[in-house]
Each structure stands twice: as structure tokens, then as C-alpha cells.
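Just run-v8.cif here, mmCIF, C-alpha atoms and all ligand atoms:
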```
data_final
#
loop_
_atom_site.label_atom_id
_atom_site.label_comp_id
_atom_site.auth_asym_id
_atom_site.auth_seq_id
_atom_site.Cartn_x
_atom_site.Cartn_y
_atom_site.Cartn_z
CA MET A 227 30.07 22.57 -52.32
CA THR A 228 28.48 24.07 -55.42
CA THR A 229 26.71 27.41 -55.16
CA ARG A 230 24.63 29.27 -57.65
CA ASN A 231 24.13 32.99 -57.75
CA PRO A 232 20.84 33.70 -59.56
CA ASN A 233 22.67 36.03 -61.94
CA GLN A 234 25.73 33.91 -62.47
CA ALA A 235 26.77 30.50 -63.69
CA THR A 236 27.28 27.48 -61.45
CA PHE A 237 30.38 27.82 -59.27
CA ASP A 238 32.28 24.83 -57.91
CA GLU A 239 33.82 25.77 -54.56
CA THR A 240 35.97 22.64 -54.46
CA ALA A 241 37.77 23.53 -57.70
CA CYS A 242 38.54 27.20 -57.10
CA ARG A 243 41.18 29.24 -55.31
CA HIS A 244 40.22 30.55 -51.89
CA ILE A 245 41.60 34.00 -51.18
CA LEU A 246 41.44 36.40 -48.27
CA SER A 247 42.57 39.93 -49.03
CA LEU A 248 44.00 41.65 -45.95
CA SER A 249 43.91 45.42 -45.53
CA GLY A 250 45.96 45.58 -42.34
CA GLY A 251 42.77 46.50 -40.46
CA LYS A 252 41.18 44.63 -37.58
CA ASP A 253 38.26 42.94 -39.38
CA SER A 254 40.18 41.32 -42.21
CA THR A 255 42.88 40.30 -39.72
CA ALA A 256 40.33 38.72 -37.39
CA LEU A 257 38.84 36.93 -40.40
CA ALA A 258 42.26 35.53 -41.31
CA LEU A 259 42.58 34.10 -37.81
CA TYR A 260 38.99 32.83 -37.86
CA MET A 261 39.38 31.06 -41.21
CA ARG A 262 42.87 29.63 -40.70
CA ASP A 263 41.67 26.17 -39.68
CA ARG A 264 38.34 26.31 -41.49
CA VAL A 265 39.80 26.68 -44.99
CA PRO A 266 43.33 25.25 -44.88
CA GLN A 267 44.03 26.02 -48.54
CA LEU A 268 43.25 29.71 -48.04
CA GLU A 269 45.68 32.14 -49.71
CA TYR A 270 46.38 35.36 -47.83
CA VAL A 271 47.19 38.44 -49.86
CA PHE A 272 47.86 42.10 -49.15
CA CYS A 273 47.58 44.73 -51.88
CA ASP A 274 50.43 47.03 -50.92
CA THR A 275 50.03 50.61 -52.16
CA GLU A 276 53.63 51.19 -51.00
CA LYS A 277 52.25 54.18 -49.09
CA GLU A 278 51.01 52.28 -46.05
CA LEU A 279 51.77 53.08 -42.44
CA ASP A 280 54.75 51.35 -40.83
CA GLU A 281 52.34 49.97 -38.22
CA THR A 282 50.45 48.14 -40.96
CA TYR A 283 53.57 46.41 -42.24
CA ASP A 284 54.52 45.45 -38.66
CA TYR A 285 51.03 44.12 -37.96
CA LEU A 286 51.06 41.95 -41.08
CA GLU A 287 54.43 40.50 -40.14
CA LYS A 288 53.08 39.58 -36.72
CA LEU A 289 50.00 38.07 -38.33
CA GLU A 290 52.17 35.84 -40.49
CA VAL A 291 53.72 34.43 -37.33
CA TYR A 292 50.29 33.73 -35.77
CA LEU A 293 48.97 32.18 -38.96
CA GLY A 294 52.10 30.20 -39.62
CA ARG A 295 51.57 31.18 -43.24
CA SER A 296 53.05 33.80 -45.48
CA ILE A 297 51.04 36.69 -46.86
CA THR A 298 51.57 37.44 -50.54
CA ARG A 299 52.33 41.11 -51.15
CA ILE A 300 50.81 42.41 -54.38
CA THR A 301 52.21 45.70 -55.64
CA PRO A 302 50.91 47.99 -58.39
CA GLU A 303 52.56 48.09 -61.81
CA VAL A 304 52.57 51.89 -61.68
CA GLY A 305 53.09 53.53 -58.31
CA PHE A 306 51.09 56.34 -56.74
CA ASP A 307 53.56 59.11 -57.56
CA ASP A 308 53.61 58.27 -61.27
CA LEU A 309 49.83 57.89 -61.35
CA LEU A 310 49.49 61.30 -59.74
CA GLU A 311 51.80 62.87 -62.28
CA GLN A 312 49.74 61.35 -65.08
CA ARG A 313 46.74 63.12 -63.53
CA ARG A 314 48.52 66.49 -63.33
CA ASN A 315 48.65 66.27 -59.51
CA PHE A 316 44.88 65.98 -59.19
CA LEU A 317 44.63 64.24 -55.81
CA PRO A 318 42.20 61.35 -55.37
CA SER A 319 39.17 62.02 -53.19
CA PRO A 320 36.02 60.18 -52.06
CA GLN A 321 34.34 61.49 -55.23
CA VAL A 322 37.19 60.64 -57.61
CA ARG A 323 38.82 57.63 -56.02
CA TRP A 324 41.17 56.51 -58.76
CA CYS A 325 43.76 55.32 -56.23
CA THR A 326 41.77 52.29 -55.06
CA ASP A 327 41.30 51.14 -58.59
CA TYR A 328 44.94 51.42 -59.66
CA LEU A 329 46.70 50.57 -56.39
CA LYS A 330 44.41 47.87 -55.05
CA MET A 331 41.76 46.50 -57.39
CA LYS A 332 43.67 46.17 -60.65
CA PRO A 333 46.74 44.57 -59.03
CA PHE A 334 44.45 42.16 -57.19
CA GLU A 335 42.55 41.22 -60.33
CA ARG A 336 45.82 40.80 -62.22
CA PHE A 337 47.02 38.46 -59.48
CA ILE A 338 43.87 36.35 -59.80
CA GLY A 339 43.74 36.31 -63.58
CA ASP A 340 40.92 34.15 -64.87
CA ASP A 341 41.05 31.59 -62.08
CA PRO A 342 37.75 30.94 -60.37
CA VAL A 343 38.12 32.47 -56.92
CA MET A 344 36.17 32.40 -53.70
CA MET A 345 36.98 35.59 -51.88
CA TYR A 346 36.44 35.90 -48.13
CA VAL A 347 35.31 39.30 -46.87
CA GLY A 348 35.38 40.49 -43.24
CA ILE A 349 32.13 42.44 -43.11
CA ARG A 350 30.54 41.79 -39.71
CA ALA A 351 27.01 40.76 -38.82
CA ASP A 352 26.47 44.10 -37.05
CA GLU A 353 27.19 46.27 -40.08
CA PRO A 354 24.40 45.29 -42.48
CA ASN A 355 24.66 48.50 -44.45
CA ARG A 356 28.36 48.33 -45.12
CA LYS A 357 28.96 47.99 -48.79
CA GLY A 358 32.02 48.16 -50.93
CA TYR A 359 33.43 47.37 -54.28
CA ILE A 360 34.83 43.86 -54.21
CA SER A 361 35.23 43.00 -57.87
CA THR A 362 33.02 42.89 -60.89
CA LYS A 363 34.95 40.03 -62.47
CA SER A 364 32.64 37.11 -63.14
CA ASN A 365 35.20 34.54 -61.94
CA ILE A 366 35.14 35.95 -58.39
CA ARG A 367 32.53 35.03 -55.79
CA ALA A 368 32.39 36.51 -52.32
CA ARG A 369 31.66 34.90 -48.98
CA PHE A 370 31.00 36.75 -45.74
CA PRO A 371 31.82 34.31 -42.90
CA PHE A 372 31.21 36.79 -40.06
CA VAL A 373 27.77 37.56 -41.45
CA GLU A 374 27.02 33.87 -42.07
CA ASP A 375 28.05 32.98 -38.50
CA GLY A 376 26.58 36.06 -36.81
CA LEU A 377 29.89 37.47 -35.55
CA ARG A 378 29.73 41.05 -34.33
CA HIS A 379 32.18 43.72 -33.26
CA HIS A 380 32.86 42.28 -29.80
CA ASP A 381 33.54 38.85 -31.38
CA ILE A 382 36.19 40.39 -33.63
CA ILE A 383 37.87 42.04 -30.63
CA ARG A 384 37.76 38.70 -28.77
CA ILE A 385 39.38 36.85 -31.70
CA LEU A 386 42.19 39.40 -31.84
CA GLU A 387 42.70 39.36 -28.06
CA GLU A 388 42.68 35.57 -27.84
CA SER A 389 45.38 35.40 -30.51
CA GLN A 390 47.31 38.02 -28.49
CA LEU A 391 47.71 39.96 -31.72
CA GLY A 392 45.38 42.70 -30.49
CA LEU A 393 44.60 45.78 -32.54
CA PRO A 394 47.01 47.46 -34.95
CA GLU A 395 49.14 50.13 -33.24
CA TYR A 396 47.72 52.90 -35.39
CA TYR A 397 44.34 52.44 -33.70
CA LYS A 398 45.70 54.69 -30.97
CA TRP A 399 45.27 57.66 -33.28
CA ARG A 400 43.52 56.46 -36.42
CA SER A 401 40.50 54.28 -37.08
CA ARG A 402 41.35 52.55 -40.32
CA SER A 403 44.11 51.02 -42.39
CA GLY A 404 45.28 52.38 -45.74
CA CYS A 405 47.73 54.90 -47.13
CA PHE A 406 49.27 57.39 -44.70
CA PHE A 407 47.71 60.20 -46.73
CA CYS A 408 44.30 58.60 -47.13
CA PHE A 409 41.68 61.30 -47.68
CA TYR A 410 39.20 59.33 -45.59
CA GLN A 411 41.08 60.46 -42.50
CA GLN A 412 39.21 62.77 -40.17
CA ARG A 413 40.94 66.00 -39.17
CA ARG A 414 41.71 64.54 -35.74
CA GLU A 415 43.47 61.65 -37.49
CA TRP A 416 45.55 64.04 -39.57
CA VAL A 417 46.64 65.58 -36.27
CA GLY A 418 47.46 62.05 -35.12
CA LEU A 419 49.59 61.54 -38.23
CA LEU A 420 51.39 64.84 -37.59
CA GLU A 421 52.14 63.90 -33.99
CA THR A 422 52.98 60.22 -34.61
CA HIS A 423 54.70 60.39 -38.00
CA PRO A 424 55.72 64.01 -38.65
CA GLY A 425 57.82 62.94 -41.65
CA ARG A 426 54.81 61.27 -43.25
CA PHE A 427 52.71 64.37 -42.59
CA GLN A 428 55.33 66.48 -44.38
CA GLU A 429 55.26 64.03 -47.30
CA ALA A 430 51.47 64.32 -47.49
CA MET A 431 51.78 68.13 -47.44
CA LYS A 432 54.08 68.07 -50.45
CA TYR A 433 51.37 66.41 -52.54
CA GLU A 434 49.14 69.48 -52.06
CA ARG A 435 49.91 71.66 -55.06
CA GLU A 436 48.37 74.44 -57.07
CA ASP A 437 46.91 73.76 -60.48
CA PRO A 438 49.17 75.95 -62.69
CA GLU A 439 46.26 76.82 -64.99
CA THR A 440 43.45 77.55 -62.56
CA GLY A 441 45.44 78.37 -59.42
CA GLU A 442 43.25 75.94 -57.51
CA LEU A 443 44.97 74.22 -54.58
CA TYR A 444 44.47 70.46 -54.47
CA THR A 445 44.13 69.47 -50.81
CA TRP A 446 43.58 66.17 -49.01
CA VAL A 447 41.00 67.68 -46.66
CA GLN A 448 38.17 69.53 -48.27
CA GLY A 449 38.49 73.29 -47.82
CA GLU A 450 41.68 73.21 -45.73
CA SER A 451 45.31 72.61 -46.57
CA LEU A 452 47.52 70.52 -44.31
CA ALA A 453 49.66 73.61 -43.68
CA GLU A 454 46.58 75.34 -42.26
CA LEU A 455 45.55 72.27 -40.32
CA ALA A 456 49.01 72.03 -38.72
CA ARG A 457 48.87 75.47 -37.09
CA PRO A 458 48.98 75.11 -33.28
CA GLU A 459 45.72 77.00 -32.71
CA ARG A 460 43.97 74.87 -35.34
CA ILE A 461 45.28 71.66 -33.77
CA ALA A 462 44.00 72.81 -30.37
CA GLN A 463 40.59 73.51 -31.89
CA ILE A 464 40.41 70.11 -33.65
CA LYS A 465 41.33 68.33 -30.43
CA SER A 466 38.81 70.30 -28.41
CA ASP A 467 36.04 69.60 -30.95
CA TYR A 468 36.92 65.92 -30.83
CA VAL A 469 36.76 65.75 -27.04
CA LYS A 470 33.34 67.44 -27.07
CA ARG A 471 32.01 65.09 -29.74
CA ARG A 472 33.38 62.09 -27.93
CA ALA A 473 31.75 63.15 -24.65
CA THR A 474 28.41 63.49 -26.44
CA GLU A 475 28.76 60.12 -28.14
CA ILE A 476 29.74 58.36 -24.93
CA THR A 477 26.72 59.82 -23.17
CA VAL A 478 24.45 58.61 -25.96
CA MET A 479 26.10 55.20 -26.28
CA LYS A 480 26.54 54.35 -22.64
CA ASP A 481 26.85 50.65 -23.22
CA ALA A 482 29.02 50.82 -26.34
CA SER A 483 32.72 50.07 -26.21
CA LEU A 484 35.14 52.98 -26.60
CA LEU A 485 36.35 51.49 -29.82
CA SER A 486 32.90 51.45 -31.33
CA VAL A 487 32.42 55.08 -30.25
CA PHE A 488 35.73 55.94 -31.87
CA GLU A 489 34.68 54.25 -35.07
CA LYS A 490 31.30 55.93 -35.12
CA GLN A 491 32.92 59.34 -34.81
CA CYS A 492 35.23 58.58 -37.66
CA GLY A 493 32.33 57.46 -39.80
CA GLU A 494 33.95 54.12 -40.49
CA ALA A 495 30.64 52.54 -41.38
CA GLU A 496 29.76 55.24 -43.85
CA THR A 497 33.02 55.80 -45.63
CA GLY A 498 36.01 53.95 -46.92
CA CYS A 499 36.30 50.97 -49.16
CA LEU A 500 36.50 47.31 -48.32
CA ILE A 501 39.79 46.46 -49.93
CA CYS A 502 41.60 49.38 -48.25
CA HIS A 503 39.95 49.61 -44.88
CA LEU A 504 38.36 46.38 -43.72
S1 LIG B 601 43.81 53.81 -48.53
FE1 LIG B 601 42.80 55.70 -49.18
S2 LIG B 601 44.35 56.76 -50.42
FE2 LIG B 601 45.04 54.62 -50.24
S3 LIG B 601 44.22 53.59 -52.06
FE3 LIG B 601 42.69 53.34 -50.42
S4 LIG B 601 41.24 55.05 -50.65
FE4 LIG B 601 43.12 55.54 -51.83
#
```

Would you write the structure of this file as C-alpha cells?
Ligand code: SF4
Amino acid sequence: MTTRNPNQATFDETACRHILSLSGGKDSTALALYMRDRVPQLEYVFCDTEKELDETYDYLEKLEVYLGRSITRITPEVGFDDLLEQRRNFLPSPQVRWCTDYLKMKPFERFIGDDPVMMYVGIRADEPNRKGYISTKSNIRARFPFVEDGLRHHDIIRILEESQLGLPEYYKWRSRSGCFFCFYQQRREWVGLLETHPGRFQEAMKYEREDPETGELYTWVQGESLAELARPERIAQIKSDYVKRRATEITVMKDASLLSVFEKQCGEAETGCLICHL
């Protein structure tokens, strides 16, 4: 098939590489399962920041078994710790998100080179406003099979259940894939990290340092250090706030699944980036 984007040159789909970039999240995983027999030549890749949760690595290994295909791991040329040092410990944030660029996008674009590529993206039909940086390279086109075929949240859950892969383990306490220290985490999810992976929480704490010149403390969570967040009384308050919010949401969304409530509270639709969190 040949497609033409009004702003771009003619693109021959039969002569390009077909690539699906996995994040370790439920939507890109469901898309991998959905596309397995539809595009047999599909290449599966995972841009590994080397700071991912253990559950993500486990989930990808299981997915390889279900797909009967291997997933290519793409790693950055310069790791997070060195990048951070180059930036004088200035942590990435939603406003200054250099990590996605250096740990995900650039390694992915290097992997592709100048090959014409059709990239498959797991945005669903029920999230019309979800946007994200895919790539600005002119040799990459994007397709959105769930949108094209009208697949919604419950379809994605069904695909994962039918494969018996289910949801990633981290969904018990966190709503999205990505680095263990990802600043898109809600406070309740930081508490989840502390309780599930205390060693990882300690690692994340160590990244929070003072700027030697200004004395400013760089923190993952705006206005609160992880040391403050980890105090027992603060944890109790975060949990209590979460329960109250959840009760309100469930009342409002009587017919929504718990998972969709969970996602709404975590602002999944509003925040995050496709390559890290889909
Ligand atoms: S998961 Fe979060 S911290 Fe990691 S690269 Fe993506 S945005 Fe940055």
C-alpha cells in the first residue's frame, strides 16, 4: 500500500521497515499481540533506559514467549547517571524532559537510521486527545491500529487477558511504565515504590541534591523531597487522600472499570510521553 501525507512525500509501505516500540506498558503490549499476525515482518523494539522496573523486564520476557519473537533492546550511548552529571545534577522534569530525548528518542532514531519506517503506535480509540512526541524524522510514518479499528480500553484488557499475559505486575501500585524514578509518578505511586522496591526508592532519593551555588534542592516531586514524602505521617496522609479521591471518582464513574478510575486519578491521559508510557 502507498500512502501520502499531505505534507510529506509518497511513502511505500511495502518497501519499508515495520516497527513497534514497546514501553513495557499495557497498550503497546496489547498492540504487539494484536499486530503479531497482521504484520508478520513487524520488528519489536524496547528502548531500555537501564533504569526500568524489574517488573517491566519480566513482562517483556513473558511477551517474547507469547509472541514467539525476540524484542530488540536498544540502549543509550550515554547513560542516565552520566547525562545527569553533565547537567550538574539538574533532574529532568515535565517542563525540562531531557531524559526522554537522550534515553529513548535518540537511541531509537539511531537504531532506525535513514531507513523508511512505518511505526505502530498503541493510542486507543477512546483517548482522542492523547498526544505525544513520536519522531520528527521524515523517514518515519506512524500508524494507529487501535484508532483505525476502533479499539477501546476494554478491548485492550480483553487482548491481554485472552493471551493470559494480563497486566504488568507494577499496575498493582503504579499506573505507567518507565524509569523507577520517573517524575510523572503521583505521590501515591512514590509510596508504592517505597513499599514495593525500598532499594529503588533509596536510589531515587540519592539523586535529590542541592545546587552548590544556589542551595536549591532538586527534587523529583515538586515542592517535596523524597525524604519528606517517606515520613510515616506523610505516607498516611497520602494514602488517606488517595482513598478519598478514589471514593469520589468511583461514585462519579459508576460504570467505569477500576483500572480506568485508577488511570484517571493518575492523570495518565494528560501526562507522560508515548515512547515511555504507552
Ligand atoms: S520514564 Fe520518565 S524519567 Fe524515564 S525517560 Fe521517560 S519521562 Fe524520563

Open item on the list: List the spatial neighbours of Ile366 (chain A) as an NGL selection string - criterion: any atom at most 7 Å away, only C-alpha atoms, same-chain residues fewer than 2 positions off excluded.
Closed with: :A and (342-345 or 363-364 or 368)

Please produce a file of those selected residues containing C-alpha atoms, as an mmCIF file, in the coordinates of the input.
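part-v5.cif, freshly written:
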```
data_model
loop_
_atom_site.group_PDB
_atom_site.id
_atom_site.type_symbol
_atom_site.label_atom_id
_atom_site.label_comp_id
_atom_site.auth_asym_id
_atom_site.auth_seq_id
_atom_site.Cartn_x
_atom_site.Cartn_y
_atom_site.Cartn_z
ATOM 1 C CA PRO A 342 37.750 30.940 -60.370
ATOM 2 C CA VAL A 343 38.120 32.470 -56.920
ATOM 3 C CA MET A 344 36.170 32.400 -53.700
ATOM 4 C CA MET A 345 36.980 35.590 -51.880
ATOM 5 C CA LYS A 363 34.950 40.030 -62.470
ATOM 6 C CA SER A 364 32.640 37.110 -63.140
ATOM 7 C CA ALA A 368 32.390 36.510 -52.320
#
```

Open item on the list: Using all atoms listed in the file, which residues of the polymer chains come no farther than 9 Å from ligand LIG 601 (chain B)? I'd like the answer as a ChimeraX atom specification.
Closed with: /A:249,275,277-278,306,318-320,323-330,402-411,498-503

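Each of A:Glu335, A:Glu387, A:Glu475, A:Glu436 was compared to Asn365 (chain A) using all atoms listed in the file, and A:Glu335 turns out to be the nearest.
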
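Straight-line separation from CA of Leu286 (chain A) to CA of Thr298 (chain A): 10.5 Å.
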
Wanna dump the region 268-324 of chain A-region 443-447 of chain A contacts at 8 Å for me, each residue with its shortest atom pair and the distance in Å to one decimal, counting all atoms listed in the file, ordered by chain and number, as a Markdown table?
```
| residue | atom | partner | partner_atom | distance |
| --- | --- | --- | --- | --- |
| A:Asn315 | CA | A:Tyr444 | CA | 7.8 |
| A:Phe316 | CA | A:Tyr444 | CA | 6.5 |
| A:Leu317 | CA | A:Tyr444 | CA | 6.4 |
| A:Ser319 | CA | A:Trp446 | CA | 7.4 |
```

Task: Pick from A:Met431, A:Val347, A:Thr422, A:Glu450, whichever lies nearest to Tyr397 (chain A) using all atoms listed in the file - done: A:Thr422

Open item on the list: Applying 9 Å and only C-alpha atoms, which residues near Pro354 (chain A) remain after dropping the ones on its own chain fewer than 4 positions away? List them as JSON, numbers by chain.
Closed with: {"A": [349, 350, 373]}

Restricting it to C-alpha atoms, dump the selection as a JSON list (two decimals), keeping the file's coordinate frame.
```
[["chain", "number", "residue", "atom", "x", "y", "z"],
["A", 349, "ILE", "CA", 32.13, 42.44, -43.11],
["A", 350, "ARG", "CA", 30.54, 41.79, -39.71],
["A", 373, "VAL", "CA", 27.77, 37.56, -41.45]]
```

Open item on the list: What does the structure give for the distance between CA of Pro371 (chain A) and CA of Ala241 (chain A), in Å to one decimal?
Closed with: 19.3 Å

May I have the residues at most 8 Å from (50.5, 35.4, -46.3) in the file's coordinates, counting all atoms listed in the file, as a tab-separated table (two decimals) with C-alpha atoms, keeping the file's coordinate frame?
```tsv
chain	number	residue	atom	x	y	z
A	269	GLU	CA	45.68	32.14	-49.71
A	270	TYR	CA	46.38	35.36	-47.83
A	271	VAL	CA	47.19	38.44	-49.86
A	272	PHE	CA	47.86	42.10	-49.15
A	290	GLU	CA	52.17	35.84	-40.49
A	295	ARG	CA	51.57	31.18	-43.24
A	296	SER	CA	53.05	33.80	-45.48
A	297	ILE	CA	51.04	36.69	-46.86
A	298	THR	CA	51.57	37.44	-50.54
A	299	ARG	CA	52.33	41.11	-51.15
```

Task: Contacts of Lys398 (chain A) within 10 Å, only C-alpha atoms, excl. fewer than 2 positions in-chain, as JSON, numbers by chain - done: {"A": [393, 394, 395, 396, 400, 401, 415, 418, 422, 485]}

TODO: Rank A:Tyr468, A:Phe427, A:Tyr260, A:Tyr433 by their smallest atom-to-atom distance to Arg384 (chain A), using all atoms listed in the file, and report the top residue only.
DONE: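 Of the candidates, the smallest distance to Arg384 (chain A) is held by A:Tyr260.
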
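Each of A:Leu289, A:Cys242, A:Ile300, A:Val417 was compared to Lys465 (chain A) using only C-alpha atoms, and A:Val417 turns out to be the nearest.
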
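Minimum atom-to-atom distance to Leu259 (chain A), evaluated using all atoms listed in the file, belongs to A:Ser389 out of A:Gln428, A:Ser389, A:Ser247, A:Ser451.
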
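As for CA of Gly250 (chain A) and CA of Asp308 (chain A), they are spaced 24.0 Å apart.
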
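If you measure from each of A:Gln312, A:Tyr292, A:Asp253, A:Asp274 to Leu391 (chain A) using all atoms listed in the file, the closest one turns out to be A:Tyr292.
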